[in-house]
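Engineer: Sharing work.tsv below, TSV, C-alpha atoms:
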chain	number	residue	atom	x	y	z
A	1	MET	CA	-147.50	160.57	61.77
A	2	LYS	CA	-147.51	157.01	63.08
A	3	PHE	CA	-144.15	156.28	61.51
A	4	THR	CA	-141.38	158.68	60.58
A	5	ALA	CA	-138.70	157.59	58.16
A	6	GLU	CA	-135.31	159.20	57.86
A	7	LYS	CA	-132.69	158.41	55.23
A	8	ILE	CA	-129.10	158.49	56.42
A	9	ASP	CA	-126.80	157.59	53.52
A	10	ASP	CA	-128.04	154.16	52.42
A	11	ILE	CA	-129.78	153.46	55.73
A	12	ILE	CA	-133.48	154.00	56.44
A	13	VAL	CA	-134.42	154.65	60.06
A	14	VAL	CA	-138.12	154.17	60.79
A	15	LEU	CA	-139.25	155.70	64.08
A	16	VAL	CA	-142.40	154.10	65.45
A	17	ASN	CA	-144.38	157.05	66.85
A	18	LEU	CA	-146.85	154.88	68.73
A	19	LYS	CA	-147.04	154.39	72.49
A	20	ARG	CA	-148.77	151.10	71.79
A	21	ALA	CA	-147.74	149.34	68.61
A	22	THR	CA	-150.52	146.85	68.03
A	23	TYR	CA	-152.39	144.99	65.33
A	24	ARG	CA	-154.36	148.15	64.54
A	25	ASP	CA	-151.31	149.69	62.92
A	26	ALA	CA	-149.40	146.55	62.07
A	27	GLU	CA	-150.50	146.22	58.45
A	28	GLU	CA	-149.72	149.85	57.68
A	29	PHE	CA	-146.32	149.49	59.32
A	30	LYS	CA	-145.60	146.28	57.44
A	31	TYR	CA	-146.13	147.93	54.07
A	32	GLU	CA	-144.40	151.16	55.10
A	33	VAL	CA	-141.22	149.17	55.74
A	34	LYS	CA	-141.71	146.80	52.81
A	35	ASN	CA	-142.01	149.83	50.55
A	36	TYR	CA	-138.44	150.82	51.43
A	37	ILE	CA	-137.21	147.29	50.84
A	38	ASP	CA	-138.96	147.25	47.45
A	39	LYS	CA	-137.17	150.49	46.61
A	40	GLY	CA	-133.86	148.73	47.19
A	41	PHE	CA	-132.95	149.81	50.71
A	42	LEU	CA	-131.26	146.88	52.42
A	43	LYS	CA	-130.25	148.52	55.69
A	44	ILE	CA	-133.21	149.36	57.88
A	45	ILE	CA	-133.35	150.37	61.53
A	46	ILE	CA	-136.60	150.25	63.46
A	47	ASP	CA	-136.39	152.79	66.28
A	48	LEU	CA	-138.71	151.86	69.17
A	49	ASN	CA	-137.76	154.78	71.39
A	50	GLU	CA	-141.31	156.18	71.45
A	51	CYS	CA	-142.94	152.78	71.76
A	52	GLU	CA	-143.84	151.55	75.23
A	53	PHE	CA	-145.62	148.36	74.20
A	54	MET	CA	-145.72	146.02	71.24
A	55	ASP	CA	-148.17	143.16	70.72
A	56	SER	CA	-147.54	139.90	68.93
A	57	THR	CA	-149.12	141.03	65.67
A	58	PHE	CA	-146.81	144.01	65.45
A	59	LEU	CA	-143.85	141.78	66.28
A	60	GLY	CA	-145.01	139.49	63.48
A	61	THR	CA	-144.66	142.33	60.98
A	62	LEU	CA	-141.10	142.94	62.15
A	63	VAL	CA	-140.32	139.27	61.56
A	64	PHE	CA	-142.00	139.42	58.13
A	65	ASN	CA	-139.86	142.37	57.11
A	66	LEU	CA	-136.71	140.80	58.52
A	67	LYS	CA	-137.39	137.69	56.44
A	68	THR	CA	-138.00	139.75	53.34
A	69	ILE	CA	-134.87	141.86	53.65
A	70	SER	CA	-132.69	138.92	54.69
A	71	ARG	CA	-133.57	137.03	51.52
A	72	LEU	CA	-132.23	140.02	49.60
A	73	GLY	CA	-128.99	140.10	51.59
A	74	GLY	CA	-129.94	143.02	53.82
A	75	ASN	CA	-130.69	143.44	57.50
A	76	LEU	CA	-133.39	145.01	59.62
A	77	ILE	CA	-132.32	145.88	63.11
A	78	ILE	CA	-134.09	147.24	66.18
A	79	CYS	CA	-132.95	150.01	68.47
A	80	SER	CA	-134.04	151.65	71.73
A	81	PRO	CA	-136.71	149.20	72.92
A	82	HIS	CA	-138.38	150.12	76.23
A	83	SER	CA	-138.77	147.51	78.94
A	84	ASP	CA	-142.21	146.17	77.94
A	85	ALA	CA	-141.34	145.97	74.26
A	86	ARG	CA	-138.03	144.35	75.17
A	87	ALA	CA	-139.88	141.83	77.36
A	88	ILE	CA	-141.90	140.67	74.37
A	89	LEU	CA	-138.75	140.40	72.28
A	90	GLU	CA	-137.15	138.30	75.00
A	91	ILE	CA	-140.13	136.07	75.84
A	92	THR	CA	-140.72	135.18	72.21
A	93	GLY	CA	-137.07	134.57	71.48
A	94	ALA	CA	-137.02	137.44	68.99
A	95	VAL	CA	-133.78	138.62	70.62
A	96	ASN	CA	-132.17	135.59	68.96
A	97	ILE	CA	-133.13	136.54	65.43
A	98	PHE	CA	-132.92	140.35	65.52
A	99	ASP	CA	-129.87	142.48	66.10
A	100	ILE	CA	-130.99	144.84	68.88
A	101	TYR	CA	-129.13	147.96	69.99
A	102	GLU	CA	-129.74	150.22	72.96
A	103	THR	CA	-129.38	153.44	70.98
A	104	ARG	CA	-129.95	154.68	67.44
A	105	SER	CA	-126.30	155.74	67.14
A	106	ALA	CA	-125.13	152.24	68.07
A	107	ALA	CA	-127.50	150.79	65.46
A	108	LEU	CA	-126.20	153.18	62.81
A	109	GLU	CA	-122.61	152.31	63.70
A	110	SER	CA	-123.36	148.62	63.27
A	111	PHE	CA	-124.04	149.21	59.58
A	112	GLU	CA	-120.69	150.93	59.02
I	1	MET	CA	-147.48	132.67	99.08
I	2	LYS	CA	-148.69	136.12	98.15
I	3	THR	CA	-150.75	138.20	100.55
I	4	LYS	CA	-154.34	138.52	99.50
I	5	LYS	CA	-155.47	141.93	100.69
I	6	GLN	CA	-159.01	141.71	99.43
I	7	ASN	CA	-161.49	138.91	99.51
I	8	PHE	CA	-163.42	139.26	96.30
I	9	LYS	CA	-164.08	135.88	94.75
I	10	GLU	CA	-165.46	136.94	91.43
I	11	ARG	CA	-165.66	140.12	89.39
I	12	LYS	CA	-167.12	140.74	85.94
I	13	LEU	CA	-166.66	143.20	83.07
I	14	LYS	CA	-168.64	143.25	79.84
I	15	VAL	CA	-167.42	145.31	76.87
I	16	LYS	CA	-167.95	145.57	73.13
I	17	SER	CA	-165.35	144.08	70.79
I	18	ARG	CA	-163.51	147.33	70.11
I	19	THR	CA	-159.81	148.00	70.51
I	20	GLU	CA	-160.52	151.18	72.47
I	21	ASN	CA	-161.96	148.92	75.19
I	22	LEU	CA	-158.67	147.09	75.66
I	23	SER	CA	-157.45	149.75	78.08
I	24	ALA	CA	-160.55	149.25	80.27
I	25	ILE	CA	-159.88	145.51	80.25
I	26	ARG	CA	-156.25	146.06	81.21
I	27	ASP	CA	-157.25	148.40	84.04
I	28	PHE	CA	-159.84	145.91	85.26
I	29	VAL	CA	-157.29	143.09	85.46
I	30	PHE	CA	-154.58	145.35	86.86
I	31	ASN	CA	-156.76	146.54	89.74
I	32	ALA	CA	-157.96	143.08	90.71
I	33	ALA	CA	-154.52	141.47	90.42
I	34	THR	CA	-153.05	144.26	92.52
I	35	GLU	CA	-155.72	143.79	95.16
I	36	VAL	CA	-154.94	140.11	95.54
I	37	GLY	CA	-151.26	140.82	95.96
I	38	PHE	CA	-149.44	139.85	92.75
I	39	ASN	CA	-146.16	141.60	92.08
I	40	SER	CA	-145.75	144.01	89.18
I	41	ASP	CA	-143.98	141.44	86.95
I	42	ASP	CA	-146.81	138.91	87.33
I	43	ILE	CA	-149.40	141.61	86.76
I	44	GLY	CA	-147.59	142.84	83.65
I	45	ASN	CA	-147.53	139.29	82.30
I	46	MET	CA	-151.22	138.77	82.99
I	47	ILE	CA	-152.18	142.02	81.32
I	48	LEU	CA	-150.12	141.16	78.27
I	49	ALA	CA	-151.76	137.72	78.05
I	50	VAL	CA	-155.25	139.20	78.40
I	51	ASP	CA	-154.45	141.83	75.81
I	52	GLU	CA	-153.37	139.11	73.37
I	53	ALA	CA	-156.46	137.00	74.10
I	54	CYS	CA	-158.85	139.91	73.58
I	55	THR	CA	-157.02	141.09	70.47
I	56	ASN	CA	-157.43	137.57	69.06
I	57	ILE	CA	-161.16	137.74	69.83
I	58	ILE	CA	-161.56	141.12	68.12
I	59	LYS	CA	-159.48	140.08	65.11
I	60	HIS	CA	-160.48	136.47	64.60
I	61	ALA	CA	-163.67	135.67	66.51
I	62	TYR	CA	-165.46	138.88	65.58
I	63	LYS	CA	-163.35	139.78	62.53
I	64	SER	CA	-163.23	143.41	63.71
I	65	TYR	CA	-167.04	143.64	64.02
I	66	PRO	CA	-167.27	146.33	66.77
I	67	ASP	CA	-170.48	145.28	68.53
I	68	GLY	CA	-169.64	141.77	69.61
I	69	GLU	CA	-169.64	141.02	73.30
I	70	ILE	CA	-166.59	140.22	75.37
I	71	ILE	CA	-167.10	139.17	78.98
I	72	ILE	CA	-164.21	139.06	81.43
I	73	ASN	CA	-164.74	137.15	84.67
I	74	LEU	CA	-162.04	137.27	87.32
I	75	LYS	CA	-162.03	134.57	89.95
I	76	TYR	CA	-159.64	133.50	92.62
I	77	SER	CA	-159.22	130.62	94.95
I	78	GLU	CA	-156.49	129.86	97.47
I	79	GLU	CA	-154.37	128.39	94.71
I	80	LYS	CA	-154.84	130.55	91.64
I	81	PHE	CA	-156.18	133.64	89.97
I	82	THR	CA	-158.23	132.88	86.87
I	83	ILE	CA	-159.24	135.19	84.06
I	84	GLU	CA	-162.15	133.80	82.07
I	85	ILE	CA	-162.84	135.49	78.73
I	86	ILE	CA	-166.02	134.69	76.83
I	87	ASP	CA	-167.06	135.76	73.35
I	88	TYR	CA	-169.83	134.78	70.95
I	89	GLY	CA	-167.88	135.08	67.72
I	90	ASN	CA	-166.45	132.51	65.33
I	91	SER	CA	-165.09	129.44	67.03
I	92	PHE	CA	-161.40	128.96	67.50
I	93	HIS	CA	-159.41	125.75	67.39
I	94	PRO	CA	-156.25	126.15	69.44
I	95	GLU	CA	-155.12	122.66	68.53
I	96	SER	CA	-154.64	123.97	65.00
I	97	VAL	CA	-151.99	126.38	66.29
I	98	PRO	CA	-148.69	124.56	66.68
I	99	ASP	CA	-146.31	125.43	69.50
I	100	LEU	CA	-144.17	128.28	68.40
I	101	ASP	CA	-140.45	128.27	67.91
I	102	LEU	CA	-139.57	131.73	66.69
I	103	GLN	CA	-136.44	130.46	64.99
I	104	LYS	CA	-138.61	128.11	62.92
I	105	TYR	CA	-141.25	130.81	62.56
I	106	TYR	CA	-138.57	133.03	61.08
I	107	LYS	CA	-137.35	130.35	58.67
I	108	GLN	CA	-140.79	129.29	57.53
I	109	ARG	CA	-143.35	131.41	55.74
I	110	ARG	CA	-145.99	130.79	58.36
I	111	VAL	CA	-147.62	133.73	60.08
I	112	GLY	CA	-149.66	133.77	63.28
I	113	GLY	CA	-149.36	131.80	66.48
I	114	LEU	CA	-147.25	134.35	68.31
I	115	GLY	CA	-150.14	135.53	70.46
I	116	MET	CA	-150.97	132.00	71.58
I	117	PHE	CA	-147.32	131.36	72.34
I	118	LEU	CA	-147.15	134.50	74.46
I	119	MET	CA	-150.25	133.54	76.44
I	120	LYS	CA	-148.90	130.06	77.16
I	121	THR	CA	-145.55	131.50	78.19
I	122	LEU	CA	-146.91	134.26	80.39
I	123	MET	CA	-149.58	132.28	82.24
I	124	ASP	CA	-149.38	129.04	84.25
I	125	GLU	CA	-152.36	127.55	82.45
I	126	VAL	CA	-154.27	128.38	79.25
I	127	LYS	CA	-157.45	126.52	78.34
I	128	TYR	CA	-159.82	126.98	75.42
I	129	VAL	CA	-163.38	125.78	75.16
I	130	SER	CA	-165.19	126.45	71.93
I	131	VAL	CA	-168.82	125.52	71.35
I	132	PRO	CA	-169.41	126.36	67.67
I	133	GLY	CA	-172.38	128.67	67.16
I	134	LYS	CA	-172.64	129.36	70.88
I	135	TYR	CA	-169.56	130.70	72.63
I	136	ASN	CA	-165.82	130.57	73.07
I	137	GLN	CA	-164.16	130.55	76.45
I	138	VAL	CA	-160.51	131.23	77.27
I	139	LEU	CA	-159.25	130.49	80.78
I	140	LEU	CA	-155.98	132.11	81.77
I	141	SER	CA	-154.68	131.11	85.19
I	142	LYS	CA	-151.83	132.27	87.37
I	143	ASN	CA	-150.88	130.31	90.45
I	144	PHE	CA	-150.27	132.21	93.65
I	145	ASN	CA	-147.14	130.24	94.44
I	146	SER	CA	-145.57	130.26	90.96
Spit out the file's structure as structure tokens when you get a sec.

Structural biologist:
Amino acid sequence: MKFTAEKIDDIIVVLVNLKRATYRDAEEFKYEVKNYIDKGFLKIIIDLNECEFMDSTFLGTLVFNLKTISRLGGNLIICSPHSDARAILEITGAVNIFDIYETRSAALESFE
Amino acid sequence: MKTKKQNFKERKLKVKSRTENLSAIRDFVFNAATEVGFNSDDIGNMILAVDEACTNIIKHAYKSYPDGEIIINLKYSEEKFTIEIIDYGNSFHPESVPDLDLQKYYKQRRVGGLGMFLMKTLMDEVKYVSVPGKYNQVLLSKNFNS
């Protein structure tokens, strides 16, 4: 499974099971997450713990989903980014638009 | 000034436009950049920029056609290390890609442009030459004293 979703109360946690999250899987990921938003989930955590690298196309899908959920009054947050994935988030300025937490538990707590 | 341990002036790799070849491209750049003495941060940045450039070629120039040709030429002088990437796919017009501000990107409905932004940020110089119907050339340069 490239992506594993877990429902915790009204929160969906999507674990990205890809060492390299790139444009190859970006479209599938985009609609995987959008599907939860369409079902009415407005609290989504993207867990990057397994992900060592993310390219700009994959980051673009995160921004797309953040835009979508924000318009509906929800939030999509990121947790556990490794150094290379974090570097892309920092270089692009994505750290300024996403809420990013070091651990999944900290991300879950932020929705309480 | 970094220490240049090897004296190669030019090195070439030719691969098909397939994503499974991106790792060979990364290894190729990693090995050469290591040989000429860049630190791991600079090498990481170069590899990321090359990855973005080649992904753009596969996605946009060749539109995921797997048998297009991508040629990577590595060159260095006293001043800089240059990665030249050539493809024979659809031409690209970088001037049509505005400079990215992710805050604006987030607020607008526009998609794309992130890869170009990353390349410009990670490298000291990015140049595009596109000769429609013939070839596209991307030049990514990193200065030794940056």

Engineer: Give me the chain A side of the contact with chain I, cut-off 10 Å, one line per residue showing its nearest atom pair and distance in Å at one decimal, counting only C-alpha atoms, sorted by chain and residue number, as a tab-separated table.

Structural biologist:
residue	atom	partner	partner_atom	distance
A:Thr22	CA	I:Thr55	CA	9.0
A:Tyr23	CA	I:Thr55	CA	7.9
A:Arg24	CA	I:Thr19	CA	8.1
A:Phe53	CA	I:Leu48	CA	9.4
A:Met54	CA	I:Leu48	CA	9.6
A:Asp55	CA	I:Glu52	CA	7.1
A:Ser56	CA	I:Gly115	CA	5.3
A:Thr57	CA	I:Gly115	CA	7.4
A:Leu59	CA	I:Leu114	CA	8.4
A:Gly60	CA	I:Val111	CA	7.2
A:Thr61	CA	I:Val111	CA	9.1
A:Val63	CA	I:Tyr106	CA	6.5
A:Phe64	CA	I:Tyr106	CA	7.8
A:Leu66	CA	I:Tyr106	CA	8.4
A:Lys67	CA	I:Tyr106	CA	6.7
A:Asp84	CA	I:Gly44	CA	8.5
A:Ala87	CA	I:Asn45	CA	9.5
A:Ile88	CA	I:Leu118	CA	8.1
A:Ile91	CA	I:Leu118	CA	7.3
A:Thr92	CA	I:Leu102	CA	6.6
A:Gly93	CA	I:Leu102	CA	6.1
A:Ala94	CA	I:Leu102	CA	6.7
A:Val95	CA	I:Leu102	CA	9.8
A:Asn96	CA	I:Gln103	CA	7.8
A:Ile97	CA	I:Gln103	CA	6.9

Engineer: Could you pull the residues within 9 Å of range 76-82 of chain I, counting all atoms listed in the file, minus those fewer than 3 positions along the same chain, as a list of chain:residue names?

Structural biologist: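 Using all atoms listed in the file, the neighbours found are I:Asn7, I:Phe8, I:Lys9, I:Glu10, I:Ala33, I:Val36, I:Asn73, I:Leu139, I:Leu140, I:Ser141, I:Lys142, I:Asn143, I:Phe144, I:Asn145.
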
Engineer: Just C-alpha atoms for this one: save the residues we selected as a PDB file, in the coordinates of the input.

Structural biologist:
ATOM      1  CA  ASN I   7    -161.490 138.910  99.510  1.00  0.00           C
ATOM      2  CA  PHE I   8    -163.420 139.260  96.300  1.00  0.00           C
ATOM      3  CA  LYS I   9    -164.080 135.880  94.750  1.00  0.00           C
ATOM      4  CA  GLU I  10    -165.460 136.940  91.430  1.00  0.00           C
ATOM      5  CA  ALA I  33    -154.520 141.470  90.420  1.00  0.00           C
ATOM      6  CA  VAL I  36    -154.940 140.110  95.540  1.00  0.00           C
ATOM      7  CA  ASN I  73    -164.740 137.150  84.670  1.00  0.00           C
ATOM      8  CA  LEU I 139    -159.250 130.490  80.780  1.00  0.00           C
ATOM      9  CA  LEU I 140    -155.980 132.110  81.770  1.00  0.00           C
ATOM     10  CA  SER I 141    -154.680 131.110  85.190  1.00  0.00           C
ATOM     11  CA  LYS I 142    -151.830 132.270  87.370  1.00  0.00           C
ATOM     12  CA  ASN I 143    -150.880 130.310  90.450  1.00  0.00           C
ATOM     13  CA  PHE I 144    -150.270 132.210  93.650  1.00  0.00           C
ATOM     14  CA  ASN I 145    -147.140 130.240  94.440  1.00  0.00           C
TER      15      ASN I 145
END

Engineer: Hey, what's within 8 Å of Ala107 in chain A if we count only C-alpha atoms and toss same-chain stuff fewer than 3 positions away? As a list in words, please?

Structural biologist: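 The contact residues come out as Ile45, Ile77, Ile78, Cys79, Ile100, Tyr101, Glu102, Thr103, Arg104, Ser110 and Phe111 of chain A.
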
Engineer: Have a look at CA of Phe38 in chain I and CA of Val50 in chain I and let me know their distance in Å, one decimal.

Structural biologist: 15.5 Å

Engineer: Please provide the set of residues having any atom within 12 Å of Glu28 in chain A, restricted to only C-alpha atoms, with same-chain residues fewer than 3 positions apart removed, written as an mmCIF file with C-alpha atoms, in the coordinates of the input.

Structural biologist:
data_model
loop_
_atom_site.group_PDB
_atom_site.id
_atom_site.type_symbol
_atom_site.label_atom_id
_atom_site.label_comp_id
_atom_site.auth_asym_id
_atom_site.auth_seq_id
_atom_site.Cartn_x
_atom_site.Cartn_y
_atom_site.Cartn_z
ATOM 1 C CA MET A 1 -147.500 160.570 61.770
ATOM 2 C CA LYS A 2 -147.510 157.010 63.080
ATOM 3 C CA PHE A 3 -144.150 156.280 61.510
ATOM 4 C CA VAL A 16 -142.400 154.100 65.450
ATOM 5 C CA ALA A 21 -147.740 149.340 68.610
ATOM 6 C CA THR A 22 -150.520 146.850 68.030
ATOM 7 C CA TYR A 23 -152.390 144.990 65.330
ATOM 8 C CA ARG A 24 -154.360 148.150 64.540
ATOM 9 C CA ASP A 25 -151.310 149.690 62.920
ATOM 10 C CA TYR A 31 -146.130 147.930 54.070
ATOM 11 C CA GLU A 32 -144.400 151.160 55.100
ATOM 12 C CA VAL A 33 -141.220 149.170 55.740
ATOM 13 C CA LYS A 34 -141.710 146.800 52.810
ATOM 14 C CA ASN A 35 -142.010 149.830 50.550
ATOM 15 C CA THR A 57 -149.120 141.030 65.670
ATOM 16 C CA PHE A 58 -146.810 144.010 65.450
ATOM 17 C CA THR A 61 -144.660 142.330 60.980
ATOM 18 C CA LEU A 62 -141.100 142.940 62.150
#

Engineer: Show which residues sit within 12 Å of Lys127 in chain I, as a count of residues only. Count only C-alpha atoms, and ignore same-chain residues fewer than 5 positions away.

Structural biologist: 19

Engineer: In the coordinate frame of the file, compute which residues have an atom within 12 Å of (-116.7, 157.5, 53.3) when using only C-alpha atoms, and state them as a ChimeraX atom specification.

Structural biologist: /A:9-10,112

Engineer: Interatomic distance between CA of Lys63 in chain I and CA of Tyr88 in chain I?

Structural biologist: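 CA of Tyr88 in chain I lies 11.7 Å from CA of Lys63 in chain I.
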
Engineer: Which value, in Å to one decimal, gives the distance between CA of Gly89 in chain I and CA of Gly68 in chain I?

Structural biologist: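 If I compute the distance from CA of Gly89 in chain I to CA of Gly68 in chain I, I get 7.2 Å.
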
Engineer: N, CA, C and O atoms are what I want for range 40-61 of chain A; can you complete it accordingly and write them as a PDB file, in the coordinates of the input?

Structural biologist:
ATOM      1  N   GLY A  40    -135.257 149.139  47.243  1.00  0.00           N
ATOM      2  CA  GLY A  40    -133.860 148.730  47.190  1.00  0.00           C
ATOM      3  C   GLY A  40    -133.045 149.033  48.433  1.00  0.00           C
ATOM      4  O   GLY A  40    -131.836 148.784  48.457  1.00  0.00           O
ATOM      5  N   PHE A  41    -133.695 149.566  49.470  1.00  0.00           N
ATOM      6  CA  PHE A  41    -132.950 149.810  50.710  1.00  0.00           C
ATOM      7  C   PHE A  41    -132.782 148.493  51.475  1.00  0.00           C
ATOM      8  O   PHE A  41    -133.768 147.814  51.756  1.00  0.00           O
ATOM      9  N   LEU A  42    -131.542 148.170  51.773  1.00  0.00           N
ATOM     10  CA  LEU A  42    -131.260 146.880  52.420  1.00  0.00           C
ATOM     11  C   LEU A  42    -130.687 147.037  53.824  1.00  0.00           C
ATOM     12  O   LEU A  42    -130.237 146.069  54.435  1.00  0.00           O
ATOM     13  N   LYS A  43    -130.688 148.272  54.307  1.00  0.00           N
ATOM     14  CA  LYS A  43    -130.250 148.520  55.690  1.00  0.00           C
ATOM     15  C   LYS A  43    -131.352 149.331  56.357  1.00  0.00           C
ATOM     16  O   LYS A  43    -131.542 150.510  56.042  1.00  0.00           O
ATOM     17  N   ILE A  44    -132.081 148.685  57.231  1.00  0.00           N
ATOM     18  CA  ILE A  44    -133.210 149.360  57.880  1.00  0.00           C
ATOM     19  C   ILE A  44    -133.103 149.227  59.396  1.00  0.00           C
ATOM     20  O   ILE A  44    -132.787 148.157  59.921  1.00  0.00           O
ATOM     21  N   ILE A  45    -133.331 150.355  60.063  1.00  0.00           N
ATOM     22  CA  ILE A  45    -133.350 150.370  61.530  1.00  0.00           C
ATOM     23  C   ILE A  45    -134.762 150.736  61.977  1.00  0.00           C
ATOM     24  O   ILE A  45    -135.346 151.697  61.486  1.00  0.00           O
ATOM     25  N   ILE A  46    -135.302 149.934  62.875  1.00  0.00           N
ATOM     26  CA  ILE A  46    -136.600 150.250  63.460  1.00  0.00           C
ATOM     27  C   ILE A  46    -136.332 150.828  64.857  1.00  0.00           C
ATOM     28  O   ILE A  46    -135.834 150.127  65.743  1.00  0.00           O
ATOM     29  N   ASP A  47    -136.646 152.101  65.021  1.00  0.00           N
ATOM     30  CA  ASP A  47    -136.390 152.790  66.280  1.00  0.00           C
ATOM     31  C   ASP A  47    -137.661 152.735  67.150  1.00  0.00           C
ATOM     32  O   ASP A  47    -138.698 153.296  66.798  1.00  0.00           O
ATOM     33  N   LEU A  48    -137.553 152.043  68.272  1.00  0.00           N
ATOM     34  CA  LEU A  48    -138.710 151.860  69.170  1.00  0.00           C
ATOM     35  C   LEU A  48    -138.680 152.806  70.372  1.00  0.00           C
ATOM     36  O   LEU A  48    -139.340 152.568  71.378  1.00  0.00           O
ATOM     37  N   ASN A  49    -137.923 153.879  70.258  1.00  0.00           N
ATOM     38  CA  ASN A  49    -137.760 154.780  71.390  1.00  0.00           C
ATOM     39  C   ASN A  49    -139.074 155.360  71.919  1.00  0.00           C
ATOM     40  O   ASN A  49    -139.217 155.603  73.109  1.00  0.00           O
ATOM     41  N   GLU A  50    -140.034 155.591  71.030  1.00  0.00           N
ATOM     42  CA  GLU A  50    -141.310 156.180  71.450  1.00  0.00           C
ATOM     43  C   GLU A  50    -142.340 155.111  71.840  1.00  0.00           C
ATOM     44  O   GLU A  50    -143.458 155.416  72.231  1.00  0.00           O
ATOM     45  N   CYS A  51    -141.976 153.878  71.659  1.00  0.00           N
ATOM     46  CA  CYS A  51    -142.940 152.780  71.760  1.00  0.00           C
ATOM     47  C   CYS A  51    -142.821 152.092  73.121  1.00  0.00           C
ATOM     48  O   CYS A  51    -141.778 151.534  73.443  1.00  0.00           O
ATOM     49  N   GLU A  52    -143.891 152.135  73.894  1.00  0.00           N
ATOM     50  CA  GLU A  52    -143.840 151.550  75.230  1.00  0.00           C
ATOM     51  C   GLU A  52    -144.327 150.098  75.258  1.00  0.00           C
ATOM     52  O   GLU A  52    -144.096 149.372  76.215  1.00  0.00           O
ATOM     53  N   PHE A  53    -145.030 149.709  74.219  1.00  0.00           N
ATOM     54  CA  PHE A  53    -145.620 148.360  74.200  1.00  0.00           C
ATOM     55  C   PHE A  53    -145.744 147.887  72.759  1.00  0.00           C
ATOM     56  O   PHE A  53    -146.008 148.680  71.848  1.00  0.00           O
ATOM     57  N   MET A  54    -145.565 146.605  72.578  1.00  0.00           N
ATOM     58  CA  MET A  54    -145.720 146.020  71.240  1.00  0.00           C
ATOM     59  C   MET A  54    -146.459 144.696  71.401  1.00  0.00           C
ATOM     60  O   MET A  54    -146.088 143.889  72.264  1.00  0.00           O
ATOM     61  N   ASP A  55    -147.483 144.457  70.604  1.00  0.00           N
ATOM     62  CA  ASP A  55    -148.170 143.160  70.720  1.00  0.00           C
ATOM     63  C   ASP A  55    -147.605 142.172  69.709  1.00  0.00           C
ATOM     64  O   ASP A  55    -146.713 142.499  68.904  1.00  0.00           O
ATOM     65  N   SER A  56    -148.130 140.962  69.754  1.00  0.00           N
ATOM     66  CA  SER A  56    -147.540 139.900  68.930  1.00  0.00           C
ATOM     67  C   SER A  56    -147.758 140.126  67.444  1.00  0.00           C
ATOM     68  O   SER A  56    -146.935 139.715  66.621  1.00  0.00           O
ATOM     69  N   THR A  57    -148.871 140.779  67.088  1.00  0.00           N
ATOM     70  CA  THR A  57    -149.120 141.030  65.670  1.00  0.00           C
ATOM     71  C   THR A  57    -148.089 142.012  65.113  1.00  0.00           C
ATOM     72  O   THR A  57    -147.558 141.823  64.009  1.00  0.00           O
ATOM     73  N   PHE A  58    -147.812 143.026  65.895  1.00  0.00           N
ATOM     74  CA  PHE A  58    -146.810 144.010  65.450  1.00  0.00           C
ATOM     75  C   PHE A  58    -145.436 143.343  65.349  1.00  0.00           C
ATOM     76  O   PHE A  58    -144.699 143.556  64.387  1.00  0.00           O
ATOM     77  N   LEU A  59    -145.117 142.514  66.334  1.00  0.00           N
ATOM     78  CA  LEU A  59    -143.850 141.780  66.280  1.00  0.00           C
ATOM     79  C   LEU A  59    -143.809 140.905  65.019  1.00  0.00           C
ATOM     80  O   LEU A  59    -142.768 140.801  64.359  1.00  0.00           O
ATOM     81  N   GLY A  60    -144.945 140.316  64.692  1.00  0.00           N
ATOM     82  CA  GLY A  60    -145.010 139.490  63.480  1.00  0.00           C
ATOM     83  C   GLY A  60    -144.636 140.257  62.225  1.00  0.00           C
ATOM     84  O   GLY A  60    -143.987 139.724  61.318  1.00  0.00           O
ATOM     85  N   THR A  61    -145.011 141.526  62.166  1.00  0.00           N
ATOM     86  CA  THR A  61    -144.660 142.330  60.980  1.00  0.00           C
ATOM     87  C   THR A  61    -143.162 142.610  60.940  1.00  0.00           C
ATOM     88  O   THR A  61    -142.580 142.694  59.860  1.00  0.00           O
TER      89      THR A  61
END
